>>> print(open('input35.pdb').read())   # PDB, C-alpha atoms
ATOM      1  CA  MET E   1       0.000   0.000   0.000
ATOM      2  CA  LEU E   2       2.841   2.381   0.930
ATOM      3  CA  PHE E   3       4.658   1.411  -2.285
ATOM      4  CA  ASN E   4       1.566   2.174  -4.342
ATOM      5  CA  LEU E   5       1.161   5.505  -2.533
ATOM      6  CA  HIS E   6       4.743   6.411  -3.259
ATOM      7  CA  ASN E   7       4.176   5.525  -6.922
ATOM      8  CA  LEU E   8       1.077   7.689  -6.969
ATOM      9  CA  TYR E   9       3.005  10.644  -5.502
ATOM     10  CA  ALA E  10       5.803  10.146  -8.031
ATOM     11  CA  LYS E  11       3.392  10.064 -10.937
ATOM     12  CA  LEU E  12       1.609  13.172  -9.629
ATOM     13  CA  ILE E  13       4.920  15.043  -9.352
ATOM     14  CA  VAL E  14       5.893  14.029 -12.908
ATOM     15  CA  PHE E  15       2.466  15.092 -14.191
ATOM     16  CA  LEU E  16       2.561  18.485 -12.473
ATOM     17  CA  GLY E  17       6.101  19.020 -13.728
ATOM     18  CA  ALA E  18       5.024  18.280 -17.270
ATOM     19  CA  VAL E  19       2.073  20.672 -16.970
ATOM     20  CA  PHE E  20       4.361  23.387 -15.620
ATOM     21  CA  LEU E  21       6.850  22.890 -18.465
ATOM     22  CA  ILE E  22       4.129  23.009 -21.145
ATOM     23  CA  THR E  23       2.723  26.160 -19.550
ATOM     24  CA  LEU E  24       6.138  27.834 -19.688
ATOM     25  CA  ILE E  25       6.521  26.897 -23.367
ATOM     26  CA  LEU E  26       3.071  28.224 -24.242
ATOM     27  CA  VAL E  27       3.577  31.441 -22.314
ATOM     28  CA  GLY E  28       6.987  31.891 -23.927
ATOM     29  CA  ALA E  29       5.529  31.393 -27.400
ATOM     30  CA  GLY E  30       2.725  33.802 -26.612
ATOM     31  CA  GLY E  31       5.222  36.324 -25.294
ATOM     32  CA  ASP E  32       7.277  36.068 -28.450
ATOM     33  CA  LYS E  33       4.167  36.580 -30.520
ATOM     34  CA  GLN E  34       3.229  39.679 -28.555
ATOM     35  CA  VAL E  35       6.728  41.100 -28.981
ATOM     36  CA  HIS E  36       6.580  40.344 -32.703
ATOM     37  CA  VAL E  37       3.245  42.109 -33.034
ATOM     38  CA  ALA E  38       4.623  45.077 -31.136
ATOM     39  CA  ILE E  39       7.627  45.206 -33.470
ATOM     40  CA  VAL E  40       5.444  44.979 -36.574
ATOM     41  CA  GLU E  41       3.149  47.682 -35.241
ATOM     42  CA  ASP E  42       6.175  49.861 -34.501
ATOM     43  CA  GLU E  43       7.470  49.388 -38.043
ATOM     44  CA  VAL E  44       4.124  50.485 -39.485
ATOM     45  CA  VAL E  45       4.098  53.595 -37.286
ATOM     46  CA  ASN E  46       7.659  54.483 -38.346
ATOM     47  CA  TYR E  47       6.803  53.977 -42.020
ATOM     48  CA  VAL E  48       3.796  56.287 -41.836
ATOM     49  CA  ASN E  49       5.558  58.929 -39.741
ATOM     50  CA  ALA E  50       8.469  59.164 -42.160
ATOM     51  CA  PHE E  51       6.246  60.976 -44.677
ATOM     52  CA  GLU E  52       3.492  62.199 -42.369
ATOM     53  CA  ASP E  53       4.825  65.688 -41.641
ATOM     54  CA  ILE E  54       6.262  66.411 -45.089
ATOM     55  CA  SER E  55       5.254  69.749 -46.599
ATOM     56  CA  LEU E  56       5.917  70.120 -50.330
ATOM     57  CA  GLU E  57       5.723  73.033 -52.726
ATOM     58  CA  ALA E  58       4.965  70.603 -55.551
ATOM     59  CA  LYS E  59       1.461  70.037 -56.908
ATOM     60  CA  ALA E  60       2.127  66.315 -57.272
ATOM     61  CA  ALA E  61       4.705  63.747 -56.131
ATOM     62  CA  PHE E  62       5.370  60.026 -56.285
ATOM     63  CA  VAL E  63       7.936  57.810 -54.542
ATOM     64  CA  TRP E  64       8.416  54.358 -56.071
ATOM     65  CA  ASP E  65      10.233  51.351 -54.575
ATOM     66  CA  VAL E  66      11.489  49.585 -57.706
ATOM     67  CA  ASN E  67      12.289  46.217 -56.112
ATOM     68  CA  LYS E  68       9.054  45.873 -54.140
ATOM     69  CA  ARG E  69       6.968  47.401 -56.942
ATOM     70  CA  GLU E  70       5.111  49.569 -54.472
ATOM     71  CA  ALA E  71       4.618  53.265 -53.735
ATOM     72  CA  LEU E  72       6.182  54.634 -50.571
ATOM     73  CA  TYR E  73       4.461  58.016 -50.948
ATOM     74  CA  THR E  74       1.782  59.457 -53.230
ATOM     75  CA  PHE E  75       0.390  62.968 -53.666
ATOM     76  CA  ASN E  76      -1.861  63.784 -56.642
ATOM     77  CA  GLU E  77       0.207  61.167 -58.464
ATOM     78  CA  ASP E  78      -2.248  60.734 -61.379
ATOM     79  CA  THR E  79      -2.844  64.454 -61.993
ATOM     80  CA  GLN E  80      -1.862  65.483 -65.521
ATOM     81  CA  LEU E  81       0.558  68.430 -65.445
ATOM     82  CA  PRO E  82       3.034  70.113 -67.852
ATOM     83  CA  LEU E  83       6.321  68.204 -67.995
ATOM     84  CA  ALA E  84       8.686  70.917 -69.267
ATOM     85  CA  SER E  85      12.161  69.462 -69.933
ATOM     86  CA  LEU E  86      11.370  66.097 -68.348
ATOM     87  CA  THR E  87      10.153  65.588 -71.920
ATOM     88  CA  LYS E  88      13.782  65.168 -72.984
ATOM     89  CA  LEU E  89      13.890  61.796 -71.225
ATOM     90  CA  MET E  90      11.448  60.471 -73.815
ATOM     91  CA  THR E  91      13.332  62.317 -76.561
ATOM     92  CA  ALA E  92      16.474  60.420 -75.543
ATOM     93  CA  ILE E  93      14.710  57.053 -75.231
ATOM     94  CA  THR E  94      12.935  57.387 -78.591
ATOM     95  CA  ALA E  95      16.016  58.620 -80.451
ATOM     96  CA  ASP E  96      18.081  55.787 -78.974
ATOM     97  CA  SER E  97      15.574  53.302 -80.408
ATOM     98  CA  ILE E  98      15.756  54.879 -83.888
ATOM     99  CA  LEU E  99      19.297  56.108 -84.531
ATOM    100  CA  PRO E 100      22.255  53.764 -85.075
ATOM    101  CA  GLU E 101      24.913  54.095 -82.391
ATOM    102  CA  ALA E 102      27.428  55.658 -84.784
ATOM    103  CA  SER E 103      25.000  58.333 -86.007
ATOM    104  CA  VAL E 104      26.256  61.888 -86.527
ATOM    105  CA  ILE E 105      24.004  64.849 -85.733
ATOM    106  CA  THR E 106      24.590  68.198 -87.432
ATOM    107  CA  ILE E 107      23.242  71.240 -85.602
ATOM    108  CA  ASP E 108      20.982  73.055 -88.060
ATOM    109  CA  ASN E 109      19.903  76.694 -87.987
ATOM    110  CA  ASN E 110      16.266  75.838 -87.242
ATOM    111  CA  SER E 111      17.270  73.982 -84.054
ATOM    112  CA  LEU E 112      19.324  76.957 -82.850
ATOM    113  CA  LYS E 113      16.201  79.122 -82.928
ATOM    114  CA  LYS E 114      14.809  77.294 -79.883
ATOM    115  CA  GLU E 115      14.649  79.124 -76.574
ATOM    116  CA  GLY E 116      17.851  78.971 -74.533
ATOM    117  CA  ASP E 117      21.470  78.970 -75.674
ATOM    118  CA  SER E 118      23.481  75.900 -74.660
ATOM    119  CA  GLY E 119      26.593  76.908 -76.613
ATOM    120  CA  LEU E 120      26.056  74.850 -79.773
ATOM    121  CA  PHE E 121      27.025  76.177 -83.216
ATOM    122  CA  GLU E 122      25.369  75.989 -86.611
ATOM    123  CA  ASN E 123      26.739  73.112 -88.732
ATOM    124  CA  GLU E 124      28.599  71.714 -85.710
ATOM    125  CA  ARG E 125      28.776  67.938 -85.945
ATOM    126  CA  TRP E 126      28.300  65.670 -82.928
ATOM    127  CA  SER E 127      28.265  61.949 -82.291
ATOM    128  CA  PHE E 128      24.669  61.099 -81.367
ATOM    129  CA  LYS E 129      25.585  59.509 -78.033
ATOM    130  CA  ASP E 130      27.615  62.517 -76.895
ATOM    131  CA  LEU E 131      24.992  65.015 -77.992
ATOM    132  CA  ILE E 132      22.147  63.255 -76.168
ATOM    133  CA  LYS E 133      24.208  63.058 -72.969
ATOM    134  CA  PHE E 134      25.070  66.741 -73.261
ATOM    135  CA  THR E 135      21.423  67.580 -73.997
ATOM    136  CA  LEU E 136      20.136  65.735 -70.935
ATOM    137  CA  MET E 137      22.701  67.264 -68.594
ATOM    138  CA  VAL E 138      22.265  70.920 -69.619
ATOM    139  CA  SER E 139      18.657  70.478 -70.829
ATOM    140  CA  SER E 140      19.587  71.781 -74.278
ATOM    141  CA  ASN E 141      16.568  72.665 -76.431
ATOM    142  CA  ASP E 142      18.883  73.098 -79.426
ATOM    143  CA  GLY E 143      20.301  69.603 -78.975
ATOM    144  CA  ALA E 144      16.896  67.975 -78.465
ATOM    145  CA  SER E 145      15.499  69.659 -81.564
ATOM    146  CA  ALA E 146      18.481  68.670 -83.734
ATOM    147  CA  ILE E 147      18.270  65.042 -82.602
ATOM    148  CA  ALA E 148      14.510  64.949 -83.192
ATOM    149  CA  SER E 149      14.888  66.330 -86.720
ATOM    150  CA  VAL E 150      17.461  63.730 -87.738
ATOM    151  CA  ALA E 151      15.637  60.795 -86.104
ATOM    152  CA  GLY E 152      12.298  61.924 -87.569
ATOM    153  CA  LEU E 153      13.842  62.068 -91.015
ATOM    154  CA  LEU E 154      14.932  58.435 -90.712
ATOM    155  CA  LYS E 155      11.424  57.297 -89.724
ATOM    156  CA  SER E 156       9.642  59.147 -92.535
ATOM    157  CA  ASP E 157       8.420  57.325 -95.637
ATOM    158  CA  PHE E 158       9.064  60.370 -97.839
ATOM    159  CA  PRO E 159      11.569  63.268 -97.952
ATOM    160  CA  ILE E 160      10.842  65.837 -95.227
ATOM    161  CA  GLU E 161      12.818  68.297 -93.182
ATOM    162  CA  GLY E 162      12.543  70.854 -90.415
ATOM    163  CA  GLN E 163       9.239  71.001 -88.543
ATOM    164  CA  GLU E 164       7.702  68.083 -90.461
ATOM    165  CA  SER E 165      10.590  65.848 -89.476
ATOM    166  CA  GLU E 166      10.171  66.930 -85.860
ATOM    167  CA  LYS E 167       6.433  66.120 -85.966
ATOM    168  CA  THR E 168       7.208  62.629 -87.223
ATOM    169  CA  PHE E 169       9.570  62.145 -84.312
ATOM    170  CA  VAL E 170       7.001  63.403 -81.777
ATOM    171  CA  ASN E 171       4.540  60.803 -83.101
ATOM    172  CA  LYS E 172       7.161  58.172 -82.326
ATOM    173  CA  MET E 173       7.560  59.620 -78.820
ATOM    174  CA  ASN E 174       3.829  59.188 -78.213
ATOM    175  CA  GLU E 175       3.955  55.632 -79.549
ATOM    176  CA  LYS E 176       6.779  54.909 -77.118
ATOM    177  CA  ALA E 177       4.772  56.412 -74.251
ATOM    178  CA  ARG E 178       1.958  53.936 -74.929
ATOM    179  CA  GLU E 179       4.468  51.104 -75.192
ATOM    180  CA  VAL E 180       5.972  51.973 -71.790
ATOM    181  CA  GLY E 181       2.488  52.221 -70.245
ATOM    182  CA  LEU E 182       2.357  55.955 -69.558
ATOM    183  CA  THR E 183      -1.413  56.383 -69.400
ATOM    184  CA  GLN E 184      -1.450  60.104 -68.528
ATOM    185  CA  THR E 185       1.357  61.239 -70.835
ATOM    186  CA  TYR E 186       1.489  62.798 -74.283
ATOM    187  CA  PHE E 187       4.017  64.953 -76.134
ATOM    188  CA  ILE E 188       3.537  67.983 -78.391
ATOM    189  CA  ASN E 189       7.217  68.742 -79.044
ATOM    190  CA  PRO E 190      10.582  67.107 -78.240
ATOM    191  CA  THR E 191      11.829  69.846 -75.881
ATOM    192  CA  GLY E 192       8.971  70.361 -73.421
ATOM    193  CA  LEU E 193       8.983  74.117 -74.092
ATOM    194  CA  ASP E 194       5.579  75.768 -73.674
ATOM    195  CA  THR E 195       3.916  76.075 -77.085
ATOM    196  CA  ASN E 196       2.161  79.292 -75.998
ATOM    197  CA  GLU E 197       0.928  81.004 -72.828
ATOM    198  CA  VAL E 198      -1.659  78.323 -72.056
ATOM    199  CA  ILE E 199      -0.415  75.056 -73.614
ATOM    200  CA  GLY E 200       2.706  73.206 -72.522
ATOM    201  CA  GLY E 201       5.020  71.151 -74.699
ATOM    202  CA  ALA E 202       4.097  67.870 -72.999
ATOM    203  CA  TYR E 203       1.839  66.594 -70.221
ATOM    204  CA  GLY E 204       2.035  63.692 -67.797
ATOM    205  CA  SER E 205       1.614  62.586 -64.197
ATOM    206  CA  ALA E 206       4.106  62.173 -61.369
ATOM    207  CA  LYS E 207       3.492  58.414 -61.453
ATOM    208  CA  ASP E 208       4.154  58.270 -65.209
ATOM    209  CA  VAL E 209       7.373  60.265 -64.825
ATOM    210  CA  THR E 210       8.762  57.742 -62.327
ATOM    211  CA  LYS E 211       7.917  54.946 -64.756
ATOM    212  CA  LEU E 212       9.671  56.850 -67.526
ATOM    213  CA  LEU E 213      12.907  57.294 -65.583
ATOM    214  CA  GLU E 214      12.825  53.702 -64.368
ATOM    215  CA  TYR E 215      12.478  52.582 -68.002
ATOM    216  CA  ALA E 216      15.358  54.828 -69.081
ATOM    217  CA  VAL E 217      17.673  53.559 -66.328
ATOM    218  CA  THR E 218      16.827  49.955 -67.207
ATOM    219  CA  ASN E 219      16.952  50.187 -71.005
ATOM    220  CA  ASN E 220      19.082  53.243 -71.844
ATOM    221  CA  SER E 221      21.637  53.259 -69.060
ATOM    222  CA  GLU E 222      24.566  54.284 -71.289
ATOM    223  CA  ILE E 223      23.102  57.712 -72.029
ATOM    224  CA  ILE E 224      21.088  58.259 -68.830
ATOM    225  CA  ASP E 225      24.167  57.560 -66.686
ATOM    226  CA  ALA E 226      25.586  60.996 -67.592
ATOM    227  CA  THR E 227      22.799  62.707 -65.624
ATOM    228  CA  ARG E 228      24.278  61.662 -62.279
ATOM    229  CA  TYR E 229      27.360  63.837 -62.734
ATOM    230  CA  SER E 230      27.650  67.495 -61.770
ATOM    231  CA  ARG E 231      29.915  68.300 -64.713
ATOM    232  CA  LEU E 232      31.320  66.556 -67.790
ATOM    233  CA  ASN E 233      33.451  67.676 -70.730
ATOM    234  CA  PHE E 234      32.497  66.921 -74.335
ATOM    235  CA  SER E 235      34.202  67.468 -77.657
ATOM    236  CA  SER E 236      32.193  67.707 -80.874
ATOM    237  CA  LEU E 237      33.475  66.173 -84.100
ATOM    238  CA  ASN E 238      34.622  69.677 -85.071
ATOM    239  CA  ASN E 239      36.955  69.558 -82.041
ATOM    240  CA  ILE E 240      34.966  72.243 -80.243
ATOM    241  CA  GLU E 241      35.146  71.749 -76.496
ATOM    242  CA  HIS E 242      31.990  71.977 -74.373
ATOM    243  CA  THR E 243      31.583  71.771 -70.603
ATOM    244  CA  ALA E 244      28.210  70.438 -69.484
ATOM    245  CA  THR E 245      27.057  71.619 -66.056
ATOM    246  CA  ASN E 246      24.100  69.631 -64.759
ATOM    247  CA  THR E 247      20.895  71.610 -64.248
ATOM    248  CA  ASN E 248      20.295  69.541 -61.088
ATOM    249  CA  SER E 249      22.149  71.667 -58.532
ATOM    250  CA  TYR E 250      21.458  69.189 -55.701
ATOM    251  CA  ILE E 251      23.336  66.249 -57.199
ATOM    252  CA  ASP E 252      26.022  66.225 -54.503
ATOM    253  CA  ARG E 253      23.351  66.291 -51.780
ATOM    254  CA  LEU E 254      21.513  63.172 -52.944
ATOM    255  CA  PRO E 255      23.032  59.832 -51.803
ATOM    256  CA  GLY E 256      23.583  57.009 -54.274
ATOM    257  CA  LEU E 257      22.263  58.993 -57.249
ATOM    258  CA  ILE E 258      21.617  56.854 -60.334
ATOM    259  CA  ALA E 259      19.994  59.390 -62.679
ATOM    260  CA  SER E 260      18.105  62.688 -62.649
ATOM    261  CA  LYS E 261      16.352  65.189 -64.902
ATOM    262  CA  THR E 262      15.099  68.709 -64.290
ATOM    263  CA  GLY E 263      12.330  70.696 -65.945
ATOM    264  CA  PHE E 264      11.124  74.290 -65.697
ATOM    265  CA  THR E 265       8.819  76.536 -67.726
ATOM    266  CA  ASP E 266       6.342  79.263 -66.849
ATOM    267  CA  LEU E 267       3.405  76.861 -67.174
ATOM    268  CA  ALA E 268       5.033  73.818 -65.567
ATOM    269  CA  GLY E 269       6.854  75.473 -62.702
ATOM    270  CA  GLY E 270       9.672  73.363 -61.259
ATOM    271  CA  ASN E 271       9.834  69.641 -62.050
ATOM    272  CA  LEU E 272      12.402  67.050 -60.991
ATOM    273  CA  VAL E 273      12.730  63.286 -61.164
ATOM    274  CA  VAL E 274      15.582  61.284 -59.623
ATOM    275  CA  ALA E 275      16.548  57.655 -59.149
ATOM    276  CA  PHE E 276      18.855  56.729 -56.268
ATOM    277  CA  ASP E 277      20.124  53.610 -54.524
ATOM    278  CA  ALA E 278      18.845  53.498 -50.952
ATOM    279  CA  GLY E 279      21.429  50.806 -50.116
ATOM    280  CA  MET E 280      21.893  47.099 -50.807
ATOM    281  CA  SER E 281      20.778  47.594 -54.447
ATOM    282  CA  ARG E 282      17.431  49.128 -53.440
ATOM    283  CA  PRO E 283      16.600  51.649 -56.205
ATOM    284  CA  ILE E 284      13.995  54.312 -55.421
ATOM    285  CA  VAL E 285      12.543  56.725 -58.010
ATOM    286  CA  ILE E 286      11.089  60.072 -56.897
ATOM    287  CA  SER E 287       9.271  62.673 -58.986
ATOM    288  CA  VAL E 288       7.819  66.085 -58.148
ATOM    289  CA  LEU E 289       5.762  68.204 -60.553
ATOM    290  CA  GLY E 290       4.528  71.778 -60.324
ATOM    291  CA  SER E 291       6.938  72.971 -57.651
ATOM    292  CA  THR E 292       9.070  76.133 -57.885
ATOM    293  CA  GLN E 293      12.485  76.575 -59.460
ATOM    294  CA  GLU E 294      14.264  76.097 -56.137
ATOM    295  CA  GLY E 295      11.475  74.222 -54.347
ATOM    296  CA  ARG E 296      11.730  71.173 -56.632
ATOM    297  CA  PHE E 297      15.189  70.411 -55.249
ATOM    298  CA  GLU E 298      14.089  70.900 -51.652
ATOM    299  CA  ASP E 299      10.978  68.764 -52.207
ATOM    300  CA  VAL E 300      13.006  65.870 -53.601
ATOM    301  CA  GLU E 301      15.599  66.122 -50.836
ATOM    302  CA  LYS E 302      12.812  65.839 -48.232
ATOM    303  CA  LEU E 303      11.361  62.794 -49.989
ATOM    304  CA  VAL E 304      14.796  61.144 -50.246
ATOM    305  CA  LYS E 305      15.359  61.537 -46.501
ATOM    306  CA  ALA E 306      11.861  60.250 -45.693
ATOM    307  CA  SER E 307      12.384  57.266 -47.997
ATOM    308  CA  LEU E 308      15.597  56.321 -46.240
ATOM    309  CA  SER E 309      13.894  56.658 -42.835
ATOM    310  CA  SER E 310      10.952  54.493 -43.890
ATOM    311  CA  LEU E 311      13.246  51.768 -45.216
ATOM    312  CA  ASP E 312      15.311  51.805 -41.993
TER     313      ASP E 312
END
>>> encode(input="input35.pdb", output="C-alpha cells")
Amino acid sequence: MLFNLHNLYAKLIVFLGAVFLITLILVGAGGDKQVHVAIVEDEVVNYVNAFEDISLEAKAAFVWDVNKREALYTFNEDTQLPLASLTKLMTAITADSILPEASVITIDNNSLKKEGDSGLFENERWSFKDLIKFTLMVSSNDGASAIASVAGLLKSDFPIEGQESEKTFVNKMNEKAREVGLTQTYFINPTGLDTNEVIGGAYGSAKDVTKLLEYAVTNNSEIIDATRYSRLNFSSLNNIEHTATNTNSYIDRLPGLIASKTGFTDLAGGNLVVAFDAGMSRPIVISVLGSTQEGRFEDVEKLVKASLSSLD
C-alpha cells in the first residue's frame, strides 16, 4: 500500500512538472508573438511617420520602390501636369531606339532658334551619343530639336525636313509612351517648351514620370548615366570643347544617385525626377511636378530623406 502511494506521488509530481513545463513553453511562445506584433506595429508607425509631416511646394509627387513594386508616398500622383524638360527623357529614349549608335548629328539653324542657348554652333557635328548626354545634362533645347529632326527624317516614308521631321519624331515619342504604359502622358514637341501662354510642350503625371525614368535607367543606361554627374566635358566632331554643367544643382546632396532630370517653364513650374540607390541595391525613383524653381530640389531632398527613414 505504501509502495503504491509512493508511486502515486511520483506520478503526480511528474504530471505536475510536465504541466508546468508546457505552460512555460506556451507562455513563452505567446510572449514572443506579442513582442513580434509590437515590433510589426512599430514598423508600421515608423513607415507612416516618415512621410506624415512632409510639406511640399509641388502640386504632385510620387515615390516608387522599384524592387518591391510599391509606392512609398503618393500625392496627386495621377494628376496630368506640364512636364517641361522632363520631356527630354522620352526624346532620348525614342532617339536611342531609332538612330544607329554611330550616327552623326549636325546642328541646323532651325534647331538653334529654340529658346535657350546651350553653346552649340550651326553646322557643328556631334556623335549622337555625346549630344544626347550633353542635352540631358544641360537640358539643351537646341540639342533635343536637332536630334529629333534627324531621327524623324529616318522614320519618314518620304523626304521631309525641319518642322515636319520633328512632328514625325514626336509621333514616335507618343507611340513609345503607350508602349511603356504611360497612361497620362502625351508629347507635343521634343523639348517640353511651352507652345504658348496656355499650352505646354508635354503633359504627364508624377506616377508616369517615375515609370519613364525607371524605363530609361533599365533600357538606356549608357546615355542616362551621364545625368548623375555634376559636370562633364564633351568634344564635338569639329573639335569644339563643351563643358556640361548639370541643371540639377542638388546632385552632390543626394546619396547614391543613379539618374536625374530637371524641368522648368512658366506653365510647368519646377519639375524634378531622380533615381537613387537606398542601399543594398534598393533603387527608389522620386518625382515632383509643379513645384518652384528652387522648391523642386528641396521637395526631392525631403522625400529622399523620408524614404531612407521608412526603409530603416
>>> resolve_selection(input="input35.pdb", expression="the PyMOL selection byres ((chain E and resi 76) around 12)", output="VMD selection string")
chain E and resid 56 58 to 63 73 to 75 77 to 81 204 to 208 287 to 290
>>> atom_distance(input="input35.pdb", atom1="CA of Ser249 (chain E)", atom2="CA of Lys129 (chain E)")
23.2 Å
>>> resolve_selection(input="input35.pdb", expression="the PyMOL selection byres ((chain E and resi 186) around 9)", output="PyMOL selection string")
chain E and resi 173-174+177-178+182-185+187-188+202-204
>>> axis_aligned_box(input="input35.pdb", around="region 75-85 of chain E", padding_each_side="6 Å", output="JSON")
{"center_x": 4.7, "center_y": 65.8, "center_z": -61.8, "size_x": 27.0, "size_y": 22.2, "size_z": 28.3}
>>> resolve_selection(input="input35.pdb", expression="the PyMOL selection byres ((chain E and resi 299) around 9)", output="JSON, numbers by chain")
{"E": [54, 55, 56, 57, 58, 61, 288, 291, 294, 295, 296, 297, 298, 300, 301, 302, 303, 304]}
>>> atom_distance(input="input35.pdb", atom1="CA of Val198 (chain E)", atom2="CA of Phe264 (chain E)")
14.8 Å
>>> closest_residue(input="input35.pdb", among="E:Asn271, E:Asn233, E:Ser111, E:Asn248", to="Ser149 (chain E)", atoms="all atoms listed in the file")
E:Ser111
>>> atom_distance(input="input35.pdb", atom1="CA of Thr265 (chain E)", atom2="CA of Val138 (chain E)")
14.7 Å
>>> residues_around(input="input35.pdb", residues="Val273 (chain E)", least_positions_apart="2", cutoff="7 Å", atoms="all atoms listed in the file", output="list of chain:residue names")
E:Thr210, E:Ser260, E:Lys261, E:Thr262, E:Ile286, E:Ser287, E:Val288
>>> residues_around(input="input35.pdb", residues="Ser103 (chain E)", least_positions_apart="4", cutoff="10 Å", atoms="all atoms listed in the file", output="number ranges by chain")
E: 99, 126-129, 150-151
